[in-house]
Amino acid sequence: MPLGLGRRKKAPPLVENEEAEPGRGGLGVGEPGPLGGGGAGGPQVGLPPPPPALRPRLVFHTQLAHGSPTGRIEGFTNVKELYSKIAEAFRLPVAEVMFCTLNTHKVDMDKLLGGQIGLEDFIFAHVKGQRKEVEVFKSEEALGLTITDNGAGYAFIKRIKEGSVIDHIQLISVGDMIEAINGQSLLGCRHYEVARLLKELPRGRTFTLKLTEPRKAFDMISVRSGGGRLGSGPQLGTGRGTLRLRSRGPATVEDLPSAFEEKAIEKVDDLLESYMGIRDTELAATMVELGKDKRNPDELAEALDERLGDFAFPDEFVFDVWGAIGDAKVGRY
């Protein structure tokens with residue numbers, strides 16, 4: 001059967017290059033937002049949280065990224081519960097938690113917490129800081145932004161392309177949460193919805209972004225990065241296993257991904273950015289998991305439609321994902 005025949009959903013790419021990104025950042029656990037989008041699993045009824053006795057009783061150490069005493073958190077099974085535990089530990093409103101990084105207090109998008117946490121990883125929580133409104137003149141079709149989300153209703157900037165429209169606006173930085181575009185609230189939206197709105201803004205006109213930046217420590221006040229690489233910093237976590245957070249069902253302790261899985265996830269995440277302007281390693285990991293045992297692209301397309309139908313992935317993208325997984329299997333990195 002030719003690729004794409006019989007698929008329940010088919011649509012062109014939501015956006016061009018560079019406009020959106022899954023935190024681990026897309027963590028696949030977002031709920032439907034004001035634009036009607038849902039989590040990576042689509043409009044399915046999720047399982048109720050497992051009883052406390054069945055949740056992994058693992059203890060993680062955490063700090064606020066701008067500076068705080070060390071706290072201890074445990075008993076969470078998804079990213080929303082994780083944020084609640086962090087808020088409880090530091091006596092903060094849970095809505096103040098923007099995102100977390102692993103083993104560094106810096107706004108380092110390569111260390112963004114997603115769907116997996118190493119058993120010895122140290123969690124740094126970034127909370128809301130200064131709010132700002134910025135007017136942007138869209139002189140080019142592509143703004144140069146890659147968007148991700150935290151899996152709990154906040155979309156934010158993961159990358160800024162060098163030399164792009166946004167790169168010339170110093171008030172906008174990696175890590176900024178996008179609260180609204182032209183007064184339209186984006187709280188609760190997924191990364192791909194925000195990317196689509198940015199793409200659809202008319203060229204040659206000015207629009208307004210309402211942003212919130214993460215609160216910064218003293219040594220980070222002057223930092224502005226165009227991408228996810230601010231330097232690796234000290235590696236505090238060395239755990240060989242990971243706690244995998246799931247949008248439905250209990251969290252599970254798993255071995256670290258194999259070399260094949262790591263490379264396949266990286267390649268699929270790159271394809272997500274290229275086709276849709278988003279990055280989401282948890283979404284990429286789900287796609288690799290769905291595709292690694294499929295015999296041909298059509299079987300992969302059917303699996304993606306069944307599990308991730310809301311994304312309406314175009315056939316060209318599915319074919320490239322199939323190729324990326326196949327290349328990783330035979331060591332063509």
# chains A, B, ... in the order shown; residues from 1 in each chain; ligands from 1
call {"tool": "residues_around", "arguments": {"residues": "A:Lys128", "least_positions_apart": "6", "cutoff": "6 Å", "atoms": "only C-alpha atoms", "output": "VMD selection string"}}
result
chain A and resid 96 214 to 215
call {"tool": "write_last_selection", "arguments": {"atoms": "C-alpha atoms", "output": "JSON list (two decimals), in the first residue's frame"}}
result
[["chain", "number", "residue", "atom", "x", "y", "z"],
["A", 96, "GLU", "CA", 5.20, 30.17, 39.25],
["A", 214, "PRO", "CA", 12.80, 33.08, 34.10],
["A", 215, "ARG", "CA", 14.12, 34.63, 37.27]]
call {"tool": "closest_residue", "arguments": {"among": "A:Glu262, A:Ile123, A:Arg72, A:Met109", "to": "A:Ile160", "atoms": "only C-alpha atoms"}}
result
A:Met109
call {"tool": "closest_residue", "arguments": {"among": "A:Thr281, A:Asn103, A:Ser258, A:Ser164", "to": "A:Gln116", "atoms": "only C-alpha atoms"}}
result
A:Thr281
call {"tool": "closest_residue", "arguments": {"among": "A:Leu186, A:Val94, A:Ile181, A:Ile147", "to": "A:Leu272", "atoms": "only C-alpha atoms"}}
result
A:Ile147
call {"tool": "residues_around", "arguments": {"residues": "A:Leu209", "least_positions_apart": "2", "cutoff": "9 Å", "atoms": "only C-alpha atoms", "output": "list in words"}}
result
Lys132, Glu133, Val134, Glu135, Val136, Ile178, Glu179, Ala180, Ile181, Asn182, Gly183, Phe207 and Leu211 of chain A
call {"tool": "atom_distance", "arguments": {"atom1": "atom CA of A:Thr77", "atom2": "atom CA of A:Asp305"}}
result
26.0 Å
call {"tool": "residues_around", "arguments": {"residues": "stretch 315-328 of chain A", "least_positions_apart": "5", "cutoff": "6 Å", "atoms": "only C-alpha atoms", "output": "PyMOL selection string"}}
result
chain A and resi 4+260+264+268+297
call {"tool": "write_last_selection", "arguments": {"atoms": "N, CA and C atoms", "output": "tab-separated table (two decimals), in the first residue's frame"}}
result
chain	number	residue	atom	x	y	z
A	4	GLY	N	0.65	6.56	3.12
A	4	GLY	CA	-0.39	7.58	3.35
A	4	GLY	C	-1.76	7.14	2.95
A	260	PHE	N	21.35	3.18	19.89
A	260	PHE	CA	20.44	3.30	18.75
A	260	PHE	C	19.29	4.23	19.09
A	264	ALA	N	18.43	7.75	17.30
A	264	ALA	CA	17.16	7.85	16.58
A	264	ALA	C	16.31	8.99	17.13
A	268	VAL	N	15.03	12.21	14.98
A	268	VAL	CA	13.61	12.51	14.85
A	268	VAL	C	13.31	13.90	15.41
A	297	PRO	N	6.97	1.99	6.17
A	297	PRO	CA	6.47	3.32	6.52
A	297	PRO	C	4.96	3.37	6.72
call {"tool": "residues_around", "arguments": {"residues": "A:Arg203", "least_positions_apart": "2", "cutoff": "9 Å", "atoms": "only C-alpha atoms", "output": "MDAnalysis selection string"}}
result
chainID A and resid 137:141 200:201 205:206
call {"tool": "atom_distance", "arguments": {"atom1": "atom CA of A:Lys111", "atom2": "atom CA of A:Pro69"}}
result
20.9 Å
call {"tool": "closest_residue", "arguments": {"among": "A:Gly67, A:Ala142, A:Glu266, A:Gln184", "to": "A:Pro202", "atoms": "only C-alpha atoms"}}
result
A:Ala142
call {"tool": "closest_residue", "arguments": {"among": "A:Val127, A:Ala95, A:Leu290, A:Leu145", "to": "A:Glu273", "atoms": "only C-alpha atoms"}}
result
A:Leu145
call {"tool": "atom_distance", "arguments": {"atom1": "atom CA of A:Gly241", "atom2": "atom CA of A:Pro257"}}
result
9.1 Å
call {"tool": "select_by_dssp", "arguments": {"residues": "stretch 94-182 of chain A", "states": "helix (DSSP H, G or I)", "output": "PyMOL selection string"}}
result
chain A and resi 94-96+109-111+166-168
